[in-house]
file my_file-v5.cif (mmCIF, C-alpha atoms)
data_target
#
loop_
_atom_site.label_atom_id
_atom_site.label_comp_id
_atom_site.auth_asym_id
_atom_site.auth_seq_id
_atom_site.Cartn_x
_atom_site.Cartn_y
_atom_site.Cartn_z
CA MET J 1 78.86 17.72 65.64
CA LEU J 2 76.68 19.35 68.23
CA GLY J 3 73.70 17.61 69.71
CA LEU J 4 71.40 17.49 72.70
CA LEU J 5 70.04 15.02 75.19
CA GLY J 6 66.33 14.39 75.20
CA LYS J 7 63.42 12.27 76.21
CA LYS J 8 60.92 10.36 74.09
CA ILE J 9 57.42 11.63 74.77
CA GLY J 10 55.34 9.58 72.36
CA MET J 11 54.14 9.16 68.81
CA THR J 12 51.30 10.78 66.92
CA THR J 13 50.16 11.86 63.48
CA ILE J 14 50.42 15.32 61.99
CA PHE J 15 49.21 16.66 58.67
CA THR J 16 51.38 18.48 56.16
CA GLU J 17 50.22 21.53 54.25
CA GLU J 18 49.39 19.28 51.29
CA GLY J 19 47.13 17.26 53.55
CA THR J 20 49.15 14.06 53.81
CA GLU J 21 49.53 12.32 57.13
CA GLN J 22 52.97 12.02 58.67
CA PRO J 23 53.89 9.66 61.51
CA VAL J 24 55.98 11.59 64.03
CA THR J 25 57.79 10.95 67.29
CA VAL J 26 57.55 13.77 69.81
CA ILE J 27 60.86 14.31 71.57
CA GLN J 28 61.67 16.70 74.36
CA ALA J 29 65.13 17.95 73.39
CA GLY J 30 66.94 19.82 76.10
CA PRO J 31 67.33 22.33 77.57
CA CYS J 32 70.85 21.07 78.24
CA THR J 33 73.48 22.80 80.36
CA VAL J 34 77.15 22.86 79.48
CA ILE J 35 79.01 21.25 82.40
CA GLN J 36 82.55 20.90 81.10
CA VAL J 37 84.47 22.12 78.08
CA LYS J 38 87.39 19.94 76.98
CA THR J 39 90.02 21.54 74.81
CA ASN J 40 92.72 20.18 72.54
CA GLU J 41 95.48 21.70 74.64
CA HIS J 42 94.23 20.43 77.95
CA ASP J 43 92.56 17.11 77.17
CA GLY J 44 93.95 16.09 73.80
CA TYR J 45 90.59 16.48 72.07
CA SER J 46 87.85 19.04 72.04
CA SER J 47 84.33 18.39 73.26
CA ILE J 48 81.62 19.71 75.51
CA GLN J 49 79.82 17.82 78.24
CA LEU J 50 76.09 18.41 78.50
CA GLY J 51 73.74 17.68 81.38
CA TYR J 52 70.02 17.01 81.06
CA ASP J 53 67.11 16.45 83.45
CA SER J 54 67.93 18.13 86.77
CA ILE J 55 67.63 16.08 89.96
CA PRO J 56 67.66 16.99 93.67
CA PRO J 57 71.17 17.14 95.22
CA LYS J 58 70.43 14.30 97.67
CA LEU J 59 70.43 11.84 94.76
CA VAL J 60 74.00 12.74 93.78
CA ASN J 61 77.11 11.22 95.34
CA LYS J 62 79.99 13.38 96.51
CA PRO J 63 82.42 12.91 93.59
CA MET J 64 79.66 13.82 91.11
CA MET J 65 78.57 16.74 93.27
CA GLY J 66 82.11 18.09 93.09
CA HIS J 67 81.99 17.82 89.32
CA PHE J 68 78.77 19.84 89.23
CA LYS J 69 80.19 22.35 91.73
CA ASN J 70 83.18 22.98 89.47
CA ALA J 71 80.84 23.96 86.70
CA GLY J 72 78.69 26.00 89.06
CA VAL J 73 75.50 24.21 88.00
CA LYS J 74 72.76 22.17 89.64
CA PRO J 75 73.01 18.36 89.38
CA PHE J 76 71.64 16.50 86.37
CA ARG J 77 70.57 12.93 85.82
CA LYS J 78 72.18 12.40 82.44
CA LEU J 79 75.58 13.57 81.24
CA ARG J 80 76.98 13.14 77.77
CA GLU J 81 79.97 14.40 75.84
CA PHE J 82 79.71 15.70 72.32
CA ARG J 83 82.87 15.91 70.23
CA LEU J 84 83.29 19.27 68.54
CA GLU J 85 85.98 20.15 66.03
CA GLU J 86 85.69 23.84 66.72
CA LEU J 87 84.71 25.20 70.09
CA SER J 88 82.91 28.49 69.89
CA LYS J 89 83.79 31.06 72.53
CA ASP J 90 80.33 31.32 74.09
CA LEU J 91 80.28 27.64 75.11
CA THR J 92 81.26 27.93 78.77
CA PRO J 93 80.16 25.85 81.76
CA GLY J 94 76.72 26.95 82.88
CA LYS J 95 75.46 27.95 79.45
CA VAL J 96 72.04 26.55 78.65
CA LEU J 97 71.48 25.15 75.17
CA LYS J 98 67.92 25.11 73.89
CA VAL J 99 66.37 23.35 70.92
CA GLU J 100 66.37 26.39 68.70
CA ASP J 101 70.07 27.02 69.38
CA VAL J 102 71.04 23.66 67.93
CA PHE J 103 68.40 22.46 65.51
CA SER J 104 66.17 23.96 62.87
CA GLU J 105 63.23 22.53 60.94
CA GLY J 106 64.23 20.27 58.08
CA ASP J 107 67.50 19.16 59.73
CA LYS J 108 68.56 15.54 59.54
CA ILE J 109 69.46 13.99 62.89
CA ASP J 110 70.73 10.72 64.32
CA LEU J 111 68.85 9.41 67.35
CA THR J 112 70.39 6.99 69.82
CA GLY J 113 68.25 5.24 72.41
CA THR J 114 67.91 1.97 74.27
CA SER J 115 65.40 -0.43 72.76
CA LYS J 116 62.68 -2.13 74.78
CA GLY J 117 63.95 -5.27 76.47
CA LYS J 118 62.22 -8.47 75.38
CA GLY J 119 64.10 -10.89 77.63
CA PHE J 120 65.29 -14.31 76.50
CA SER J 121 63.34 -14.94 73.33
CA GLY J 122 63.21 -17.66 70.74
CA VAL J 123 64.16 -17.49 67.10
CA VAL J 124 60.62 -16.93 65.82
CA LYS J 125 60.35 -13.65 67.72
CA ARG J 126 64.01 -12.71 67.60
CA PHE J 127 64.98 -13.44 64.01
CA ASN J 128 61.59 -13.92 62.34
CA PHE J 129 62.19 -17.63 61.72
CA LYS J 130 59.17 -19.45 60.43
CA GLY J 131 59.08 -22.19 63.07
CA GLY J 132 58.04 -25.72 62.33
CA PRO J 133 54.91 -27.10 60.67
CA LYS J 134 51.72 -26.59 62.67
CA SER J 135 50.03 -29.88 61.80
CA HIS J 136 50.49 -33.24 60.06
CA GLY J 137 51.64 -35.08 63.14
CA GLN J 138 54.17 -32.49 64.28
CA LYS J 139 55.03 -32.32 67.94
CA ASP J 140 57.27 -30.03 70.04
CA LYS J 141 58.68 -28.14 67.03
CA HIS J 142 56.15 -25.44 66.27
CA ARG J 143 58.54 -22.61 67.17
CA SER J 144 61.87 -24.40 66.92
CA ALA J 145 64.80 -23.28 64.79
CA GLY J 146 65.33 -26.56 62.94
CA SER J 147 68.79 -27.74 61.97
CA ILE J 148 71.83 -25.82 63.23
CA GLY J 149 74.34 -27.42 60.86
CA ALA J 150 75.75 -30.59 59.30
CA SER J 151 77.09 -33.58 61.20
CA SER J 152 80.67 -34.92 61.05
CA LEU J 153 81.83 -32.13 58.77
CA PRO J 154 82.32 -29.54 60.33
CA SER J 155 81.54 -31.26 63.65
CA ARG J 156 80.75 -27.94 65.24
CA VAL J 157 78.25 -25.13 65.14
CA PHE J 158 79.36 -22.06 63.21
CA LYS J 159 79.90 -18.87 65.13
CA GLY J 160 77.27 -16.20 64.79
CA LEU J 161 74.47 -18.66 64.04
CA LYS J 162 71.07 -17.20 64.83
CA MET J 163 69.87 -18.87 67.99
CA PRO J 164 67.60 -18.01 70.93
CA GLY J 165 68.92 -15.41 73.34
CA HIS J 166 68.41 -12.04 74.87
CA GLN J 167 66.51 -9.61 72.69
CA GLY J 168 66.22 -5.87 73.04
CA ASN J 169 67.66 -3.55 75.70
CA LYS J 170 70.38 -2.63 73.22
CA THR J 171 71.68 0.74 72.13
CA ILE J 172 70.06 1.51 68.80
CA THR J 173 70.94 4.45 66.58
CA ILE J 174 68.56 5.48 63.85
CA LYS J 175 70.19 7.73 61.30
CA GLY J 176 68.88 10.43 59.03
CA LEU J 177 65.55 11.20 60.63
CA ARG J 178 64.12 14.55 59.58
CA ILE J 179 62.86 17.21 61.94
CA LEU J 180 59.42 18.21 60.70
CA LYS J 181 58.59 20.77 63.36
CA ILE J 182 60.10 22.51 66.36
CA ILE J 183 58.05 23.84 69.27
CA PRO J 184 60.56 26.03 71.17
CA GLU J 185 58.30 26.96 74.10
CA ASP J 186 58.05 23.31 75.20
CA ASN J 187 61.53 22.29 73.95
CA LEU J 188 59.93 19.81 71.58
CA ILE J 189 60.98 18.45 68.23
CA LEU J 190 58.76 16.38 65.97
CA VAL J 191 60.75 13.79 64.04
CA LYS J 192 59.38 11.77 61.16
CA GLY J 193 59.33 8.06 61.92
CA SER J 194 59.90 5.94 64.99
CA VAL J 195 62.67 5.86 67.58
CA ALA J 196 63.95 2.99 69.72
CA GLY J 197 62.81 2.72 73.32
CA PRO J 198 59.71 3.20 75.44
CA ARG J 199 58.08 6.53 76.22
CA GLY J 200 60.07 8.52 78.75
CA SER J 201 63.39 6.95 77.78
CA TYR J 202 66.47 9.08 77.23
CA LEU J 203 67.80 9.82 73.77
CA VAL J 204 70.96 11.30 72.33
CA ILE J 205 70.13 13.62 69.45
CA LYS J 206 72.97 14.44 67.09
CA LYS J 207 72.95 16.68 64.11
CA GLN J 208 73.94 14.90 60.91
CA PHE J 209 76.76 16.05 58.65
CA SER J 210 75.20 17.83 55.74
CA MET Q 1 52.62 14.93 82.01
CA SER Q 2 53.52 13.42 78.67
CA ASP Q 3 49.81 13.09 77.85
CA GLN Q 4 49.43 16.82 78.32
CA ILE Q 5 52.35 17.45 75.98
CA MET Q 6 50.90 15.11 73.38
CA ARG Q 7 47.55 16.88 73.52
CA LYS Q 8 49.27 20.22 73.10
CA VAL Q 9 51.23 18.96 70.09
CA GLU Q 10 48.13 17.57 68.43
CA LYS Q 11 45.92 20.57 69.11
CA PRO Q 12 46.79 22.71 66.06
CA TYR Q 13 46.00 19.76 63.79
CA LEU Q 14 42.58 18.98 65.26
CA ARG Q 15 39.59 20.35 63.36
CA ASP Q 16 36.76 21.92 65.26
CA ASP Q 17 34.30 22.01 62.35
CA ILE Q 18 33.47 18.30 62.37
CA PRO Q 19 29.77 17.56 62.85
CA ASP Q 20 28.64 15.21 65.57
CA PHE Q 21 28.05 11.80 64.02
CA LYS Q 22 28.39 8.16 64.92
CA ALA Q 23 28.13 4.70 63.45
CA GLY Q 24 24.85 4.15 61.65
CA ASP Q 25 24.57 7.68 60.31
CA THR Q 26 24.43 8.28 56.58
CA LEU Q 27 27.17 10.70 55.54
CA LYS Q 28 28.13 12.64 52.48
CA VAL Q 29 31.88 13.28 52.60
CA SER Q 30 33.46 15.82 50.28
CA TYR Q 31 37.19 15.48 49.95
CA LYS Q 32 39.89 16.94 47.77
CA ILE Q 33 41.74 14.80 45.27
CA ILE Q 34 45.10 16.03 44.04
CA GLU Q 35 45.92 14.89 40.51
CA GLY Q 36 49.30 16.33 39.63
CA GLU Q 37 48.64 20.06 39.32
CA LYS Q 38 44.86 19.96 39.56
CA THR Q 39 42.75 19.49 42.63
CA ARG Q 40 39.10 18.60 42.55
CA VAL Q 41 36.50 17.78 45.14
CA GLN Q 42 34.89 14.37 45.10
CA GLN Q 43 31.88 13.26 47.07
CA TYR Q 44 31.35 9.95 48.73
CA GLN Q 45 28.07 8.94 50.28
CA GLY Q 46 27.39 5.98 52.48
CA ILE Q 47 26.78 4.65 55.97
CA CYS Q 48 29.37 5.28 58.66
CA ILE Q 49 30.06 1.83 60.08
CA ALA Q 50 32.85 2.66 62.51
CA ARG Q 51 34.70 5.45 64.22
CA ASP Q 52 38.21 4.63 65.34
CA GLY Q 53 41.10 6.15 67.20
CA SER Q 54 41.59 9.38 69.05
CA GLY Q 55 43.51 12.60 68.58
CA THR Q 56 44.89 13.40 65.16
CA GLY Q 57 44.90 9.72 64.24
CA ALA Q 58 41.12 9.34 64.48
CA THR Q 59 39.39 7.80 61.46
CA PHE Q 60 35.91 6.85 60.33
CA THR Q 61 34.83 4.17 57.89
CA VAL Q 62 32.10 4.81 55.33
CA ARG Q 63 30.49 1.90 53.50
CA LYS Q 64 28.40 2.14 50.38
CA ILE Q 65 27.08 -0.22 47.75
CA ALA Q 66 28.69 0.79 44.46
CA SER Q 67 27.34 0.00 41.01
CA GLY Q 68 27.22 -3.71 40.37
CA ASN Q 69 26.20 -4.45 43.97
CA ILE Q 70 29.77 -4.28 45.19
CA GLY Q 71 30.32 -3.13 48.73
CA VAL Q 72 32.93 -0.37 48.98
CA GLU Q 73 34.45 0.93 52.18
CA GLN Q 74 36.58 3.99 52.56
CA ILE Q 75 38.50 4.96 55.68
CA PHE Q 76 38.92 8.72 56.13
CA PRO Q 77 41.26 10.44 58.59
CA LEU Q 78 38.80 12.48 60.62
CA HIS Q 79 41.02 15.56 60.92
CA SER Q 80 42.48 15.47 57.42
CA PRO Q 81 42.64 18.91 55.79
CA LEU Q 82 41.70 17.22 52.53
CA ILE Q 83 38.14 16.70 53.78
CA THR Q 84 36.21 19.82 52.81
CA ASN Q 85 32.83 18.88 54.25
CA ILE Q 86 31.03 16.14 56.13
CA GLU Q 87 27.26 16.26 55.83
CA VAL Q 88 25.03 14.09 58.02
CA LEU Q 89 22.08 13.14 55.84
CA ARG Q 90 20.30 10.73 58.17
CA ARG Q 91 20.77 9.52 61.70
CA GLY Q 92 20.51 5.79 62.22
CA ARG Q 93 19.20 3.87 65.21
CA VAL Q 94 21.84 1.27 65.98
CA ARG Q 95 22.77 -0.65 69.10
CA ARG Q 96 26.49 -1.09 68.61
CA ALA Q 97 29.51 1.07 67.85
CA LYS Q 98 30.94 -0.99 65.00
CA LEU Q 99 28.55 -2.12 62.28
CA TYR Q 100 30.81 -4.70 60.67
CA PHE Q 101 27.86 -7.09 60.48
CA LEU Q 102 26.57 -5.01 57.56
CA ARG Q 103 29.28 -6.58 55.41
CA HIS Q 104 27.41 -9.86 55.48
CA LYS Q 105 23.98 -8.37 54.82
CA ILE Q 106 22.69 -7.81 51.31
CA GLY Q 107 19.91 -5.59 50.00
CA LYS Q 108 16.97 -5.04 52.31
CA ALA Q 109 18.70 -6.68 55.26
CA ALA Q 110 21.43 -4.05 55.18
CA ARG Q 111 19.05 -1.21 55.97
CA ILE Q 112 19.29 0.82 59.14
CA LYS Q 113 16.28 2.32 60.88
CA GLU Q 114 16.22 6.07 61.19
CA LEU Q 115 16.63 7.56 64.61
CA ARG Q 116 13.35 9.23 65.54
CA THR Q 117 13.69 12.01 68.03
CA THR Q 118 10.87 13.09 70.29
CA LYS Q 119 8.81 16.09 69.21
CA GLY Q 120 10.44 19.45 69.59
CA LYS Q 121 13.52 17.92 71.14
CA ALA Q 122 15.95 17.52 68.31
CA LYS Q 123 18.92 15.44 69.34
CA SER Q 124 22.02 17.54 69.11
#
call {"tool": "encode", "arguments": {"input": "my_file-v5.cif", "output": "structure tokens"}}
result
Amino acid sequence: MLGLLGKKIGMTTIFTEEGTEQPVTVIQAGPCTVIQVKTNEHDGYSSIQLGYDSIPPKLVNKPMMGHFKNAGVKPFRKLREFRLEELSKDLTPGKVLKVEDVFSEGDKIDLTGTSKGKGFSGVVKRFNFKGGPKSHGQKDKHRSAGSIGASSLPSRVFKGLKMPGHQGNKTITIKGLRILKIIPEDNLILVKGSVAGPRGSYLVIKKQFS
Amino acid sequence: MSDQIMRKVEKPYLRDDIPDFKAGDTLKVSYKIIEGEKTRVQQYQGICIARDGSGTGATFTVRKIASGNIGVEQIFPLHSPLITNIEVLRRGRVRRAKLYFLRHKIGKAARIKELRTTKGKAKS
């Protein structure tokens, strides 16, 4: 299942040929460089490691620099392995994968990103609880969760109960998004719908099994 | 950087044949309606009370008084390929960008003065 690393650029609207509006997320996908090829014989499984977003060498520590040197490539900010059942012969360290090599228009993809962090938030924001009554003599319970369980039986709070806590900044995968358009000269793909994370955040783009 | 990319992505979808108009102008909008197999062009005439958004997502709102004195508003995507023509029938003299106050005005009070331009100098 080959994929690429990318960056969220932003959202906009495009029109189809029939004239309907489509909400799209613009994603810069690649170009990614193959850094390491893992084979069944050598590593016990087969995969390729891709690098994305090149950075100056002074930002890289020595162990990582050695890893890049082995591949004979310049350093990258993000590395990611993609499991592949069959390794094709032309996938060697140093090969650059572009959007059009991996994806085509109409493909379904899975997009993994990190959602925007919301900090420690209450149940109204986090789980869409209704909160308490706003009037009729109510005090201090406008955004409270209410009861969290019965008294002597069970004498405890059940595990997994929805309570205030940290929201966001989680890895979120959205599956089955369709590529509406590919712009190869800017390494862009236009995907229908929204994707987790702020603009400029990194994404893992995987092709879906068809 | 990302703004430049966004502009480049949107560019092929932006129409360059849109006349210059703003809130207060009286418009006649012709737009295609797709009914199964058939397409036909329908016209909608009224006062533009707002222009919203930027890029491909830009819209404008047209308000008219339909039969039975019922106010009707329609929001059109400015760059939609379904819009075949926008005709500016009359330019209005207004002092704000959003004319939502027209919703509370009835009859004569809901009129808008025409924008008079000085002789020989037609406002583009």
call {"tool": "resolve_selection", "arguments": {"input": "my_file-v5.cif", "expression": "the PyMOL selection byres ((chain Q) within 6 of (chain J))", "output": "short mmCIF file (atom, residue, chain, number, x, y, z; two decimals) with C-alpha atoms, in the coordinates of the input"}}
result
data_model
loop_
_atom_site.label_atom_id
_atom_site.label_comp_id
_atom_site.auth_asym_id
_atom_site.auth_seq_id
_atom_site.Cartn_x
_atom_site.Cartn_y
_atom_site.Cartn_z
CA SER Q 2 53.52 13.42 78.67
CA THR Q 56 44.89 13.40 65.16
CA GLY Q 57 44.90 9.72 64.24
CA PRO Q 81 42.64 18.91 55.79
CA LEU Q 82 41.70 17.22 52.53
#
call {"tool": "atom_distance", "arguments": {"input": "my_file-v5.cif", "atom1": "atom CA of J:Phe103", "atom2": "atom CA of J:Lys192"}}
result
14.6 Å
call {"tool": "resolve_selection", "arguments": {"input": "my_file-v5.cif", "expression": "the PyMOL selection byres ((chain Q and resi 71-77) around 10)", "output": "PyMOL selection string"}}
result
(chain J and resi 20-21) or (chain Q and resi 29+31+44+46-53+56-70+78-83+102-104+106)
call {"tool": "write_last_selection", "arguments": {"input": "my_file-v5.cif", "atoms": "C-alpha atoms", "output": "mmCIF file, in the frame of the given file"}}
result
data_model
loop_
_atom_site.group_PDB
_atom_site.id
_atom_site.type_symbol
_atom_site.label_atom_id
_atom_site.label_comp_id
_atom_site.auth_asym_id
_atom_site.auth_seq_id
_atom_site.Cartn_x
_atom_site.Cartn_y
_atom_site.Cartn_z
ATOM 1 C CA THR J 20 49.150 14.060 53.810
ATOM 2 C CA GLU J 21 49.530 12.320 57.130
ATOM 3 C CA VAL Q 29 31.880 13.280 52.600
ATOM 4 C CA TYR Q 31 37.190 15.480 49.950
ATOM 5 C CA TYR Q 44 31.350 9.950 48.730
ATOM 6 C CA GLY Q 46 27.390 5.980 52.480
ATOM 7 C CA ILE Q 47 26.780 4.650 55.970
ATOM 8 C CA CYS Q 48 29.370 5.280 58.660
ATOM 9 C CA ILE Q 49 30.060 1.830 60.080
ATOM 10 C CA ALA Q 50 32.850 2.660 62.510
ATOM 11 C CA ARG Q 51 34.700 5.450 64.220
ATOM 12 C CA ASP Q 52 38.210 4.630 65.340
ATOM 13 C CA GLY Q 53 41.100 6.150 67.200
ATOM 14 C CA THR Q 56 44.890 13.400 65.160
ATOM 15 C CA GLY Q 57 44.900 9.720 64.240
ATOM 16 C CA ALA Q 58 41.120 9.340 64.480
ATOM 17 C CA THR Q 59 39.390 7.800 61.460
ATOM 18 C CA PHE Q 60 35.910 6.850 60.330
ATOM 19 C CA THR Q 61 34.830 4.170 57.890
ATOM 20 C CA VAL Q 62 32.100 4.810 55.330
ATOM 21 C CA ARG Q 63 30.490 1.900 53.500
ATOM 22 C CA LYS Q 64 28.400 2.140 50.380
ATOM 23 C CA ILE Q 65 27.080 -0.220 47.750
ATOM 24 C CA ALA Q 66 28.690 0.790 44.460
ATOM 25 C CA SER Q 67 27.340 0.000 41.010
ATOM 26 C CA GLY Q 68 27.220 -3.710 40.370
ATOM 27 C CA ASN Q 69 26.200 -4.450 43.970
ATOM 28 C CA ILE Q 70 29.770 -4.280 45.190
ATOM 29 C CA LEU Q 78 38.800 12.480 60.620
ATOM 30 C CA HIS Q 79 41.020 15.560 60.920
ATOM 31 C CA SER Q 80 42.480 15.470 57.420
ATOM 32 C CA PRO Q 81 42.640 18.910 55.790
ATOM 33 C CA LEU Q 82 41.700 17.220 52.530
ATOM 34 C CA ILE Q 83 38.140 16.700 53.780
ATOM 35 C CA LEU Q 102 26.570 -5.010 57.560
ATOM 36 C CA ARG Q 103 29.280 -6.580 55.410
ATOM 37 C CA HIS Q 104 27.410 -9.860 55.480
ATOM 38 C CA ILE Q 106 22.690 -7.810 51.310
#
call {"tool": "resolve_selection", "arguments": {"input": "my_file-v5.cif", "expression": "the PyMOL selection byres ((chain Q and resi 14) around 8)", "output": "PyMOL selection string"}}
result
chain Q and resi 10-13+15-16+55-56+79
call {"tool": "closest_atom_pairs", "arguments": {"input": "my_file-v5.cif", "of": "stretch 81-171 of chain J", "to": "stretch 39-51 of chain J", "cutoff": "7 Å", "atoms": "only C-alpha atoms", "output": "Markdown table"}}
result
| residue | atom | partner | partner_atom | distance |
| --- | --- | --- | --- | --- |
| J:Glu81 | CA | J:Gln49 | CA | 4.2 |
| J:Phe82 | CA | J:Ser47 | CA | 5.4 |
| J:Arg83 | CA | J:Ser47 | CA | 4.2 |
| J:Leu84 | CA | J:Ser47 | CA | 4.9 |
| J:Glu85 | CA | J:Ser46 | CA | 6.4 |
call {"tool": "axis_aligned_box", "arguments": {"input": "my_file-v5.cif", "around": "stretch 184-198 of chain J", "padding_each_side": "5 Å", "output": "AutoDock Vina command-line options"}}
result
--center_x 61.0 --center_y 14.8 --center_z 68.3 --size_x 15.9 --size_y 34.2 --size_z 24.3
call {"tool": "atom_distance", "arguments": {"input": "my_file-v5.cif", "atom1": "atom CA of Q:Arg90", "atom2": "atom CA of Q:Lys113"}}
result
9.7 Å
call {"tool": "residues_around", "arguments": {"input": "my_file-v5.cif", "residues": "J:Lys162", "least_positions_apart": "2", "cutoff": "12 Å", "atoms": "all atoms listed in the file", "output": "ChimeraX atom specification"}}
result
/J:121-129,144-149,157-160,164-167
call {"tool": "closest_residue", "arguments": {"input": "my_file-v5.cif", "among": "J:Ala196, J:Met163, J:Met64, J:Ile109", "to": "J:Gln208", "atoms": "only C-alpha atoms"}}
result
J:Ile109
call {"tool": "residues_around", "arguments": {"input": "my_file-v5.cif", "residues": "J:Glu100", "least_positions_apart": "6", "cutoff": "10 Å", "atoms": "only C-alpha atoms", "output": "PDB file with C-alpha atoms, in the coordinates of the input"}}
result
ATOM      1  CA  ALA J  29      65.130  17.950  73.390  1.00  0.00           C
ATOM      2  CA  GLY J  30      66.940  19.820  76.100  1.00  0.00           C
ATOM      3  CA  PRO J  31      67.330  22.330  77.570  1.00  0.00           C
ATOM      4  CA  ILE J 182      60.100  22.510  66.360  1.00  0.00           C
ATOM      5  CA  ILE J 183      58.050  23.840  69.270  1.00  0.00           C
ATOM      6  CA  PRO J 184      60.560  26.030  71.170  1.00  0.00           C
ATOM      7  CA  GLU J 185      58.300  26.960  74.100  1.00  0.00           C
ATOM      8  CA  ASN J 187      61.530  22.290  73.950  1.00  0.00           C
ATOM      9  CA  LEU J 188      59.930  19.810  71.580  1.00  0.00           C
ATOM     10  CA  ILE J 189      60.980  18.450  68.230  1.00  0.00           C
TER      11      ILE J 189
END
call {"tool": "atom_distance", "arguments": {"input": "my_file-v5.cif", "atom1": "atom CA of J:Gly193", "atom2": "atom CA of J:Lys98"}}
result
22.5 Å
call {"tool": "residues_around", "arguments": {"input": "my_file-v5.cif", "residues": "J:Pro56", "least_positions_apart": "3", "cutoff": "9 Å", "atoms": "all atoms listed in the file", "output": "ChimeraX atom specification"}}
result
/J:59-60,74-76
call {"tool": "residues_around", "arguments": {"input": "my_file-v5.cif", "residues": "Q:Arg91", "least_positions_apart": "2", "cutoff": "6 Å", "atoms": "all atoms listed in the file", "output": "VMD selection string"}}
result
chain Q and resid 25 114 to 115
call {"tool": "residues_around", "arguments": {"input": "my_file-v5.cif", "residues": "Q:Ser30", "least_positions_apart": "6", "cutoff": "10 Å", "atoms": "all atoms listed in the file", "output": "list in words"}}
result
Arg40, Val41, Gln42, Gln43, Tyr44, Gln45, Leu82, Ile83, Thr84, Asn85, Ile86 and Glu87 of chain Q
call {"tool": "build_atoms", "arguments": {"input": "my_file-v5.cif", "residues": "stretch 9-14 of chain Q", "atoms": "all heavy atoms", "output": "compact mmCIF listing (two decimals), in the coordinates of the input"}}
result
# COMPACT_ATOMS: atom_id res chain seq x y z
N VAL Q 9 50.62 19.10 71.42
CA VAL Q 9 51.23 18.96 70.09
C VAL Q 9 50.16 18.73 69.04
O VAL Q 9 50.20 19.28 67.94
CB VAL Q 9 52.24 17.78 70.10
CG1 VAL Q 9 52.70 17.45 68.69
CG2 VAL Q 9 53.42 18.11 70.98
N GLU Q 10 49.15 17.93 69.41
CA GLU Q 10 48.13 17.57 68.43
C GLU Q 10 47.13 18.69 68.18
O GLU Q 10 46.49 18.74 67.14
CB GLU Q 10 47.36 16.33 68.92
CG GLU Q 10 48.18 15.05 68.83
CD GLU Q 10 47.37 13.82 69.18
OE1 GLU Q 10 46.29 13.99 69.76
OE2 GLU Q 10 47.83 12.72 68.88
N LYS Q 11 47.00 19.60 69.15
CA LYS Q 11 45.92 20.57 69.11
C LYS Q 11 45.83 21.37 67.80
O LYS Q 11 44.74 21.49 67.23
CB LYS Q 11 46.01 21.52 70.29
CG LYS Q 11 44.66 22.09 70.59
CD LYS Q 11 44.54 22.69 71.96
CE LYS Q 11 43.09 23.08 72.13
NZ LYS Q 11 42.94 24.35 72.79
N PRO Q 12 46.94 21.92 67.29
CA PRO Q 12 46.79 22.71 66.06
C PRO Q 12 46.31 21.90 64.86
O PRO Q 12 45.84 22.49 63.87
CB PRO Q 12 48.20 23.27 65.82
CG PRO Q 12 49.09 22.53 66.71
CD PRO Q 12 48.29 22.01 67.84
N TYR Q 13 46.40 20.58 64.93
CA TYR Q 13 46.00 19.76 63.79
C TYR Q 13 44.56 19.26 63.92
O TYR Q 13 44.03 18.67 62.99
CB TYR Q 13 46.95 18.56 63.66
CG TYR Q 13 48.36 18.99 63.39
CD1 TYR Q 13 49.30 19.04 64.41
CD2 TYR Q 13 48.76 19.38 62.11
CE1 TYR Q 13 50.59 19.45 64.17
CE2 TYR Q 13 50.04 19.80 61.86
CZ TYR Q 13 50.96 19.83 62.89
OH TYR Q 13 52.23 20.24 62.64
N LEU Q 14 43.94 19.47 65.07
CA LEU Q 14 42.58 18.98 65.26
C LEU Q 14 41.59 19.98 64.67
O LEU Q 14 41.71 21.18 64.89
CB LEU Q 14 42.29 18.77 66.75
CG LEU Q 14 43.12 17.71 67.46
CD1 LEU Q 14 42.79 17.69 68.94
CD2 LEU Q 14 42.91 16.35 66.85
